[in-house]
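The file my_file_33.csv contains CSV, C-alpha atoms:
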```csv
chain,number,residue,atom,x,y,z
H,14,MET,CA,-40.7,-27.9,-82.5
H,15,ALA,CA,-42.9,-30.9,-81.4
H,16,HIS,CA,-41.8,-33.7,-79.2
H,17,CYS,CA,-43.1,-36.9,-77.9
H,18,PRO,CA,-44.8,-36.2,-74.6
H,19,TYR,CA,-43.7,-39.5,-73.3
H,20,CYS,CA,-40.0,-39.8,-74.1
H,21,GLY,CA,-39.2,-36.4,-75.5
H,22,THR,CA,-38.0,-37.5,-78.9
H,23,LYS,CA,-38.5,-35.0,-81.8
H,24,THR,CA,-41.4,-35.7,-84.1
H,25,ASN,CA,-42.6,-34.5,-87.4
H,26,GLU,CA,-46.0,-32.8,-87.8
H,27,ASP,CA,-47.4,-35.6,-90.0
H,28,GLU,CA,-46.3,-38.5,-87.7
H,29,SER,CA,-49.0,-40.2,-85.6
H,30,PHE,CA,-46.7,-42.5,-83.6
H,31,CYS,CA,-43.4,-41.9,-81.9
H,32,VAL,CA,-40.6,-43.6,-83.9
H,33,HIS,CA,-38.7,-44.1,-80.6
H,34,CYS,CA,-41.2,-45.3,-78.0
H,35,GLY,CA,-44.0,-46.3,-80.5
H,36,LYS,CA,-46.7,-44.6,-78.5
H,37,SER,CA,-49.6,-42.7,-80.2
H,38,LEU,CA,-48.9,-39.0,-80.6
H,39,PRO,CA,-51.6,-36.3,-79.8
H,40,ALA,CA,-53.2,-34.9,-82.9
H,41,ASP,CA,-52.8,-31.4,-81.5
H,42,LEU,CA,-49.2,-30.1,-82.2
H,43,LYS,CA,-49.5,-27.6,-79.5
H,44,GLU,CA,-50.3,-30.3,-77.0
H,45,ARG,CA,-47.2,-32.2,-78.2
H,46,SER,CA,-44.9,-29.2,-77.6
H,47,GLN,CA,-46.4,-28.2,-74.1
H,48,GLY,CA,-46.6,-31.8,-72.9
H,49,TYR,CA,-43.0,-32.4,-73.6
H,50,GLN,CA,-41.8,-29.2,-71.9
H,51,SER,CA,-44.0,-29.8,-68.8
H,52,LYS,CA,-43.0,-33.4,-68.3
H,53,GLY,CA,-39.4,-32.8,-69.2
H,54,PHE,CA,-39.1,-29.9,-66.6
H,55,ASN,CA,-40.7,-31.9,-63.8
H,56,ARG,CA,-38.5,-34.8,-64.4
H,57,TRP,CA,-35.1,-33.1,-64.5
H,58,TRP,CA,-35.4,-29.8,-62.6
H,59,ILE,CA,-38.1,-29.9,-59.9
H,60,LEU,CA,-36.3,-32.4,-57.6
H,61,PRO,CA,-32.9,-30.7,-57.4
H,62,ILE,CA,-34.4,-27.3,-57.0
H,63,SER,CA,-36.6,-28.5,-54.2
H,64,VAL,CA,-33.6,-30.2,-52.5
H,65,PHE,CA,-31.6,-27.0,-52.9
H,66,ILE,CA,-34.4,-24.8,-51.4
H,67,LEU,CA,-34.9,-27.2,-48.5
H,68,SER,CA,-31.2,-27.3,-47.8
H,69,ILE,CA,-31.0,-23.5,-47.7
H,70,ILE,CA,-33.9,-23.4,-45.3
H,71,ALA,CA,-32.4,-26.1,-43.1
H,72,LEU,CA,-29.0,-24.4,-43.0
H,73,GLY,CA,-30.6,-21.1,-42.3
H,74,SER,CA,-32.5,-22.6,-39.4
H,75,MET,CA,-29.4,-24.3,-38.0
H,76,TYR,CA,-27.4,-21.1,-38.3
H,77,ALA,CA,-30.1,-19.0,-36.6
H,78,LEU,CA,-30.3,-21.6,-33.8
H,79,PHE,CA,-26.5,-21.6,-33.4
H,80,GLU,CA,-26.4,-17.8,-33.3
H,81,GLN,CA,-29.2,-17.8,-30.7
H,82,LYS,CA,-27.3,-20.3,-28.5
H,83,THR,CA,-24.0,-18.4,-28.9
H,84,THR,CA,-25.7,-15.2,-27.9
H,85,GLN,CA,-27.2,-16.9,-24.8
H,86,ALA,CA,-23.9,-18.4,-24.0
H,87,LYS,CA,-22.2,-15.1,-24.1
H,88,GLU,CA,-24.8,-13.6,-21.9
H,89,LYS,CA,-24.3,-16.4,-19.3
H,90,PHE,CA,-20.6,-15.9,-19.6
H,91,ASN,CA,-20.8,-12.2,-18.9
H,92,GLN,CA,-23.1,-12.7,-16.0
H,93,GLY,CA,-20.7,-15.3,-14.6
H,94,GLU,CA,-17.8,-12.8,-14.9
H,95,ALA,CA,-19.7,-10.1,-13.1
H,96,LEU,CA,-20.5,-12.4,-10.2
H,97,ALA,CA,-16.8,-13.6,-10.1
H,98,LEU,CA,-15.7,-9.9,-9.8
H,99,LYS,CA,-18.0,-9.6,-6.8
H,100,GLY,CA,-16.5,-12.8,-5.2
H,101,ASN,CA,-19.7,-14.9,-5.7
H,102,TYR,CA,-17.7,-17.8,-7.1
H,103,ASP,CA,-20.4,-20.5,-6.6
H,104,GLU,CA,-23.0,-18.6,-8.6
H,105,ALA,CA,-20.5,-17.7,-11.2
H,106,GLN,CA,-19.7,-21.4,-11.6
H,107,ASP,CA,-23.3,-22.1,-12.4
H,108,TYR,CA,-23.4,-19.4,-15.1
H,109,PHE,CA,-20.2,-20.7,-16.7
H,110,ASN,CA,-21.7,-24.2,-16.8
H,111,ASP,CA,-24.8,-22.9,-18.5
H,112,ALA,CA,-22.6,-21.1,-21.1
H,113,LEU,CA,-20.8,-24.4,-21.8
H,114,ASP,CA,-24.1,-26.3,-22.1
H,115,LEU,CA,-25.2,-23.7,-24.7
H,116,SER,CA,-21.9,-23.6,-26.5
H,117,TYR,CA,-19.4,-26.4,-25.8
H,118,GLN,CA,-16.7,-24.7,-27.8
H,119,PHE,CA,-16.2,-21.8,-25.3
H,120,PRO,CA,-12.5,-21.8,-24.1
H,121,ALA,CA,-12.9,-18.7,-22.0
H,122,ALA,CA,-15.7,-20.3,-20.0
H,123,ILE,CA,-13.6,-23.4,-19.4
H,124,GLU,CA,-10.6,-21.3,-18.3
H,125,ASN,CA,-12.8,-19.3,-16.0
H,126,LYS,CA,-14.2,-22.5,-14.4
H,127,GLN,CA,-10.7,-23.6,-13.7
H,128,PHE,CA,-9.9,-20.2,-12.2
H,129,LEU,CA,-12.9,-20.2,-9.9
H,130,LYS,CA,-11.6,-23.4,-8.4
H,131,VAL,CA,-8.3,-21.7,-7.7
H,132,ALA,CA,-10.1,-18.5,-6.4
H,133,THR,CA,-12.0,-20.6,-4.0
H,134,LEU,CA,-8.8,-22.1,-2.6
H,135,VAL,CA,-7.3,-18.6,-2.4
H,136,LYS,CA,-10.2,-17.4,-0.3
H,137,ARG,CA,-9.8,-20.4,1.9
H,138,ASP,CA,-6.1,-19.7,2.4
H,139,LEU,CA,-7.0,-16.1,3.3
H,140,ASN,CA,-9.6,-17.2,5.9
H,141,GLU,CA,-7.0,-19.5,7.4
H,142,ALA,CA,-4.5,-16.6,7.6
H,143,LYS,CA,-7.1,-14.5,9.4
H,144,ASN,CA,-7.7,-17.3,11.9
H,145,MET,CA,-3.9,-17.6,12.5
H,146,ASN,CA,-3.7,-13.8,12.9
H,147,ASP,CA,-6.4,-13.8,15.5
H,148,GLU,CA,-4.5,-16.5,17.4
H,149,GLN,CA,-1.3,-14.4,17.2
H,150,LYS,CA,0.4,-17.0,15.0
H,151,PHE,CA,1.7,-14.4,12.6
H,152,GLN,CA,4.3,-16.4,10.8
H,153,LYS,CA,1.8,-19.2,10.1
H,154,ALA,CA,-0.6,-16.6,8.8
H,155,LEU,CA,2.0,-15.2,6.4
H,156,GLU,CA,2.7,-18.8,5.1
H,157,PHE,CA,-1.0,-19.1,4.2
H,158,ILE,CA,-0.9,-15.7,2.4
H,159,ASP,CA,2.2,-16.7,0.5
H,160,LYS,CA,0.5,-19.9,-0.5
H,161,ALA,CA,-2.5,-18.0,-1.8
H,162,GLU,CA,-0.3,-15.7,-3.8
H,163,LYS,CA,1.5,-18.6,-5.5
H,164,ARG,CA,-1.8,-20.1,-6.7
H,165,LEU,CA,-2.4,-17.0,-8.8
H,166,LYS,CA,0.9,-16.8,-10.6
H,167,ASN,CA,-0.4,-18.2,-13.9
H,168,TYR,CA,-3.6,-16.1,-14.0
H,169,ASN,CA,-4.4,-12.5,-14.8
H,170,GLY,CA,-7.5,-10.3,-15.3
H,171,ASP,CA,-9.7,-8.1,-13.2
H,172,ALA,CA,-10.9,-10.9,-10.9
H,173,VAL,CA,-7.3,-11.9,-10.3
H,174,GLU,CA,-6.3,-8.3,-9.6
H,175,GLN,CA,-9.0,-8.1,-6.9
H,176,LEU,CA,-7.7,-11.3,-5.3
H,177,VAL,CA,-4.2,-9.9,-5.4
H,178,ASN,CA,-5.5,-6.7,-3.6
H,179,ASP,CA,-7.1,-8.9,-1.0
H,180,ILE,CA,-3.8,-10.8,-0.5
H,181,THR,CA,-1.9,-7.5,-0.1
H,182,LYS,CA,-4.4,-6.2,2.4
H,183,ALA,CA,-4.2,-9.5,4.4
H,184,ARG,CA,-0.4,-9.4,4.4
H,185,ASN,CA,-0.3,-5.8,5.6
H,186,GLN,CA,-2.9,-6.4,8.2
H,187,THR,CA,-0.9,-9.4,9.5
H,188,LYS,CA,2.3,-7.5,9.6
H,189,LEU,CA,0.5,-4.6,11.4
H,190,SER,CA,-1.0,-6.9,14.0
H,191,HIS,CA,2.4,-8.4,14.6
H,192,LEU,CA,3.9,-5.0,15.0
H,193,GLN,CA,1.2,-3.9,17.5
H,194,PHE,CA,1.8,-7.1,19.4
H,195,LEU,CA,5.6,-6.4,19.6
H,196,MET,CA,5.0,-2.7,20.6
H,197,LYS,CA,2.9,-3.8,23.6
H,198,LYS,CA,6.0,-5.5,25.0
H,199,GLN,CA,7.6,-2.0,25.4
H,200,PRO,CA,10.8,-2.8,23.3
H,201,SER,CA,14.1,-1.1,24.0
H,202,ILE,CA,15.3,1.8,21.8
H,203,ASP,CA,17.5,-0.6,19.8
H,204,GLU,CA,14.6,-3.0,19.3
H,205,GLN,CA,12.4,-0.1,18.2
H,206,LYS,CA,15.0,0.9,15.6
H,207,MET,CA,14.5,-2.5,14.0
H,208,LEU,CA,10.7,-2.2,14.3
H,209,LEU,CA,10.8,1.2,12.5
H,210,TRP,CA,11.9,-0.3,9.2
H,211,ARG,CA,9.2,-3.0,9.6
H,212,ALA,CA,6.5,-0.3,10.3
H,213,GLU,CA,7.6,1.8,7.3
H,214,ALA,CA,7.3,-1.2,5.0
H,215,ILE,CA,3.6,-1.7,5.9
H,216,GLN,CA,1.1,0.0,3.7
H,217,HIS,CA,-1.4,1.0,6.4
H,218,GLU,CA,-2.2,4.3,8.2
H,219,GLU,CA,-1.9,2.8,11.6
H,220,ALA,CA,1.6,1.5,10.7
H,221,LYS,CA,2.6,5.1,9.7
H,222,THR,CA,1.3,6.3,13.1
H,223,ILE,CA,3.4,3.7,14.9
H,224,ALA,CA,6.4,4.6,12.8
H,225,ASN,CA,6.1,8.3,13.7
H,226,GLN,CA,5.9,7.4,17.4
H,227,ILE,CA,9.0,5.2,17.2
H,228,ARG,CA,10.9,7.9,15.2
H,229,LYS,CA,10.0,10.6,17.8
H,230,ARG,CA,11.2,8.4,20.7
H,231,ILE,CA,14.4,7.6,18.8
H,232,VAL,CA,15.0,11.3,18.3
H,233,SER,CA,14.3,12.1,22.0
H,234,HIS,CA,16.6,9.3,23.2
H,235,ALA,CA,19.4,10.3,20.8
H,236,PHE,CA,19.2,14.0,21.8
H,237,SER,CA,19.2,13.2,25.5
H,238,THR,CA,22.0,10.8,25.3
H,239,ALA,CA,24.1,13.0,23.1
H,240,ASN,CA,23.5,15.9,25.5
H,241,GLU,CA,24.9,13.8,28.4
H,242,GLU,CA,28.0,13.0,26.4
H,243,LEU,CA,28.4,16.6,25.4
H,244,LYS,CA,28.4,17.7,29.0
H,245,GLN,CA,31.3,15.2,29.6
H,246,LYS,CA,33.2,16.8,26.6
H,247,GLN,CA,32.8,13.4,24.7
H,248,TYR,CA,32.3,15.2,21.4
H,249,THR,CA,33.0,12.3,19.1
H,250,LYS,CA,30.7,10.0,20.9
H,251,ALA,CA,28.0,12.6,21.1
H,252,ARG,CA,28.2,13.3,17.4
H,253,SER,CA,28.0,9.5,16.6
H,254,ILE,CA,24.9,9.3,18.7
H,255,VAL,CA,23.3,12.2,16.9
H,256,GLU,CA,24.2,10.9,13.4
H,257,GLU,CA,22.8,7.5,14.4
H,258,GLY,CA,19.5,9.2,15.3
H,259,LEU,CA,19.5,11.2,12.0
H,260,ARG,CA,19.6,7.9,10.1
H,261,TYR,CA,16.1,7.3,11.4
H,262,ALA,CA,14.9,10.9,11.4
H,263,PRO,CA,17.0,12.9,8.8
H,264,ASP,CA,14.6,15.9,9.0
H,265,SER,CA,14.8,16.3,12.8
H,266,GLU,CA,15.5,19.9,13.5
H,267,LYS,CA,16.3,19.0,17.1
H,268,LEU,CA,19.1,16.6,16.1
H,269,GLN,CA,20.4,18.7,13.4
H,270,SER,CA,20.7,21.6,15.8
H,271,MET,CA,22.4,19.4,18.4
H,272,LYS,CA,24.9,18.3,15.7
H,273,ILE,CA,25.8,21.9,15.0
H,274,THR,CA,26.2,22.5,18.7
H,275,ILE,CA,28.5,19.5,19.1
H,276,GLU,CA,30.7,20.6,16.1
H,277,LYS,CA,31.1,24.1,17.5
H,278,GLU,CA,31.9,22.9,20.9
H,279,LYS,CA,34.4,20.3,19.6
H,280,ALA,CA,36.1,22.8,17.3
H,281,ALA,CA,36.4,25.4,20.1
H,282,PHE,CA,37.7,22.9,22.6
H,283,GLU,CA,40.3,21.5,20.2
H,284,GLU,CA,41.6,24.9,19.0
H,285,ALA,CA,41.8,26.9,22.2
H,286,GLN,CA,39.9,25.5,25.1
H,287,LYS,CA,41.3,27.8,27.7
H,288,ASP,CA,41.3,31.0,25.5
H,289,ARG,CA,37.7,30.3,24.4
H,290,ILE,CA,36.5,29.9,28.0
H,291,GLU,CA,38.3,33.1,29.0
H,292,GLN,CA,37.0,35.0,26.0
H,293,ALA,CA,33.5,33.7,26.5
H,294,MET,CA,33.6,34.7,30.1
H,295,GLU,CA,34.8,38.2,29.2
H,296,ALA,CA,32.3,38.6,26.4
H,297,ALA,CA,29.6,37.3,28.7
H,298,GLU,CA,30.5,39.8,31.4
H,299,LYS,CA,30.4,42.7,29.0
H,300,GLU,CA,27.2,41.5,27.5
H,301,ARG,CA,25.7,41.1,31.0
H,302,GLU,CA,26.6,44.7,31.7
H,303,ILE,CA,25.0,45.9,28.4
H,304,ASN,CA,21.9,43.8,28.9
H,305,LYS,CA,21.7,44.2,32.7
H,306,LYS,CA,23.2,40.7,33.1
H,307,ASP,CA,20.0,39.1,31.6
H,308,ALA,CA,20.3,37.9,28.0
H,309,VAL,CA,17.8,35.1,28.3
H,310,GLU,CA,14.2,35.1,29.4
H,311,ILE,CA,12.5,31.9,30.4
H,312,VAL,CA,9.1,32.0,28.6
H,313,SER,CA,7.7,28.7,29.8
H,314,VAL,CA,8.7,25.4,31.3
H,315,GLU,CA,6.7,22.2,31.9
H,316,THR,CA,7.2,18.6,33.0
H,317,LYS,CA,5.1,15.6,31.9
H,318,LEU,CA,5.3,12.0,32.9
H,319,ASP,CA,4.6,9.8,29.8
H,320,GLU,CA,3.2,6.3,29.6
H,321,TYR,CA,6.6,4.7,29.9
H,322,GLY,CA,7.4,6.3,33.2
H,323,ASP,CA,9.8,8.8,31.6
H,324,LEU,CA,9.7,12.4,32.6
H,325,VAL,CA,9.8,14.9,29.7
H,326,VAL,CA,11.0,18.4,30.4
H,327,LYS,CA,10.0,21.1,27.8
H,328,GLY,CA,10.4,24.8,27.7
H,329,LYS,CA,10.8,28.0,25.7
H,330,ILE,CA,13.3,30.8,26.1
H,331,LYS,CA,13.5,34.3,24.5
H,332,SER,CA,16.7,36.2,23.7
H,333,VAL,CA,16.5,39.7,25.2
H,334,ALA,CA,20.1,40.4,24.3
H,335,THR,CA,21.1,43.1,21.8
H,336,VAL,CA,23.4,40.7,19.8
H,337,PRO,CA,23.1,37.1,18.7
H,338,ILE,CA,23.8,34.5,21.3
H,339,SER,CA,24.6,30.8,20.8
H,340,SER,CA,25.1,27.5,22.6
H,341,VAL,CA,22.5,28.4,25.1
H,342,SER,CA,22.4,25.9,28.0
H,343,ILE,CA,19.6,25.7,30.6
H,344,LYS,CA,20.3,24.3,34.0
H,345,TYR,CA,17.3,23.3,36.1
H,346,LYS,CA,16.4,21.3,39.2
H,347,LEU,CA,13.5,18.8,39.7
H,348,TYR,CA,11.6,18.5,43.0
H,349,ASN,CA,9.2,15.9,44.2
H,350,LYS,CA,5.9,16.5,45.9
H,351,ASP,CA,7.7,16.8,49.3
H,352,GLY,CA,9.8,19.6,47.9
H,353,GLU,CA,13.0,17.5,47.8
H,354,MET,CA,15.4,18.1,45.0
H,355,VAL,CA,15.6,14.8,43.1
H,356,LEU,CA,17.5,15.7,39.8
H,357,GLU,CA,19.3,18.5,38.2
H,358,ASN,CA,20.4,18.8,34.7
H,359,ASP,CA,21.8,21.0,31.9
H,360,VAL,CA,20.3,20.9,28.4
H,361,TYR,CA,21.1,22.9,25.3
H,362,THR,CA,18.4,24.8,23.4
H,363,TYR,CA,17.7,24.9,19.7
H,364,PRO,CA,18.3,26.5,17.3
H,365,ASP,CA,21.9,26.9,18.3
H,366,THR,CA,22.0,30.6,17.5
H,367,LEU,CA,19.3,33.0,18.8
H,368,TYR,CA,19.0,36.6,17.5
H,369,PRO,CA,17.4,39.4,19.6
H,370,ASP,CA,13.8,38.6,20.5
H,371,GLU,CA,14.0,35.2,18.9
H,372,ILE,CA,12.4,32.2,20.7
H,373,GLY,CA,14.4,29.0,21.4
H,374,LYS,CA,13.3,25.7,22.7
H,375,PHE,CA,14.7,23.0,25.0
H,376,GLU,CA,13.6,19.4,25.7
H,377,PHE,CA,15.0,16.6,27.7
H,378,THR,CA,13.8,13.1,28.7
H,379,HIS,CA,14.6,11.6,32.1
H,380,TYR,CA,14.1,7.9,31.8
H,381,ASP,CA,12.5,5.6,34.4
H,382,VAL,CA,11.5,8.4,36.8
H,383,ASN,CA,8.1,7.0,37.4
H,384,GLU,CA,6.8,10.0,39.4
H,385,GLU,CA,5.7,13.5,38.8
H,386,LEU,CA,8.4,16.2,39.4
H,387,GLU,CA,8.3,19.9,39.1
H,388,ILE,CA,10.7,22.7,38.2
H,389,LYS,CA,11.0,26.0,40.1
H,390,LYS,CA,11.1,28.5,37.3
H,391,GLU,CA,13.0,31.0,39.3
H,392,GLU,CA,15.8,28.6,39.9
H,393,ILE,CA,16.5,28.0,36.2
H,394,LYS,CA,19.9,29.2,35.2
H,395,PRO,CA,20.7,29.8,31.6
H,396,THR,CA,24.2,30.2,30.2
H,397,TRP,CA,25.2,31.3,26.7
H,398,PHE,CA,27.9,32.5,24.4
H,399,LEU,CA,28.0,35.7,22.4
H,400,ASP,CA,28.7,35.6,18.7
```
Show me the file's structure as structure tokens.
Amino acid sequence: MAHCPYCGTKTNEDESFCVHCGKSLPADLKERSQGYQSKGFNRWWILPISVFILSIIALGSMYALFEQKTTQAKEKFNQGEALALKGNYDEAQDYFNDALDLSYQFPAAIENKQFLKVATLVKRDLNEAKNMNDEQKFQKALEFIDKAEKRLKNYNGDAVEQLVNDITKARNQTKLSHLQFLMKKQPSIDEQKMLLWRAEAIQHEEAKTIANQIRKRIVSHAFSTANEELKQKQYTKARSIVEEGLRYAPDSEKLQSMKITIEKEKAAFEEAQKDRIEQAMEAAEKEREINKKDAVEIVSVETKLDEYGDLVVKGKIKSVATVPISSVSIKYKLYNKDGEMVLENDVYTYPDTLYPDEIGKFEFTHYDVNEELEIKKEEIKPTWFLD
């Protein structure tokens, strides 16, 4: 079908002029048809198609640019987080700022920037705590540490966990320094009992060592004091002292053995003091005859003056009897360098019951002696009961 190449109106093959626009029509019918299609297409379709294509290209470019900036922002953010985990807060701050410049809609970067401000304050508090600790102002140091901990209550994550660990270490170090400061003042046994709980609450190897030292001293004091009460037949008081010591050292074989000894002695005294003594004397006499009057062999004995001026007496015995013996008591004398007898004492051995050829031990602490003393092994006198 032919058309006017100027206005697009349909034309007949025999028409020379367009009935619509009045312009002269080409004589070639083929030219009429192609002319109309070409001009009609340019007029109605080229512009919107061009606009559509350009829009696609523009949107694609913008999207590609956006994706590139987003990727770069993420890289900056990750680098900032890595630096924050290492404690390099100033450098991390710069990377988070770069991430926000590349992508302003980055909530995590904004939040991390806020956290870095808090982290910097936490580090400052911990430094102040260390300064206070060095000046032996331990309570003030703990106040700074508590302040640092409160700053982190609304945050979480790996960097926060690291700061929490730093806070825990600072708190334990401050408590340990305070404990060491108090121990240098040579506190009494009752004061050391209070310090033991404090030492056990500190997560530090040095604190554990101090706790063990305190516990050992409490055991030694309880055993020695209970032994003195036992010699005076003060069974209830002796048992109370031992039980108090066991509160702080429940696994002490020394105190557990002393408790058994006290119970046996108390039961025997209450039931038949006189008969028990007579029977024990008779049994001891018979046993002496069987064992040539020598049921106990002194294996070793030593004295040592400790750093507190207390004299510790230690020794080992061996049962050479043919039957079990119990409640073995060792009586000894202590001499000074001039050969003068300064002290004498009785101490029970442990375990309470010794079987033939079994080794027993004894230990006693004499407080505030402040001089080296020695024991004459040949003068040691053991006593015992036969089971």
Computed interatomic separation between atom CA of Gln245 of chain H and atom CA of Leu399 of chain H (Å): 22.0 Å
Neighbour list for Val341 of chain H as a VMD selection string, cut-off 6 Å, only C-alpha atoms, skip fewer than 5 positions in-chain: chain H and resid 361 to 362 396 to 397
Spatial neighbours of Ile330 of chain H, max dist 6 Å, all atoms listed in the file, sep filter under 3 positions, as a ChimeraX atom specification: /H:310-312,372-373
Neighbour list for Asp323 of chain H as a list in words, cut-off 6 Å, all atoms listed in the file, skip fewer than 5 positions in-chain: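 Listing them by chain and then by number gives Leu318, His379, Tyr380, Asp381 and Val382 of chain H.
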Best match for closeness to Lys272 of chain H among H:Thr187, H:Tyr363, H:Met207, H:Glu392, counting all atoms listed in the file: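 Looking at the shortest contact to Lys272 of chain H, the residue is H:Tyr363.
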Residues within 6 Å of segment 364-371 of chain H, all atoms listed in the file, excluding chain neighbours under 3 positions, as a PyMOL selection string: chain H and resi 270+331-335+337-340
Non-local contacts of segment 174-179 of chain H (9 Å; all atoms listed in the file; under 5 positions in same chain excluded) as a list in words: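 Residues near the query, excluding close chain neighbours: Leu98, Gly100, Ala132, Val135, Lys136, Leu139, Glu162, Leu165, Asn169 and Arg184 of chain H.
Here the selection is built from all atoms listed in the file, and the residues within 12 Å of (5.1, 13.8, 30.6) turn out to be H:Glu315, H:Thr316, H:Lys317, H:Leu318, H:Asp319, H:Glu320, H:Tyr321, H:Gly322, H:Asp323, H:Leu324, H:Val325, H:Val326, H:Lys327, H:Glu376, H:Phe377, H:Thr378, H:His379, H:Tyr380, H:Asp381, H:Val382, H:Asn383, H:Glu384, H:Glu385, H:Leu386, H:Glu387.
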Distance in Å - atom CA of Asp264 of chain H versus atom CA of Asp203 of chain H: 19.9 Å
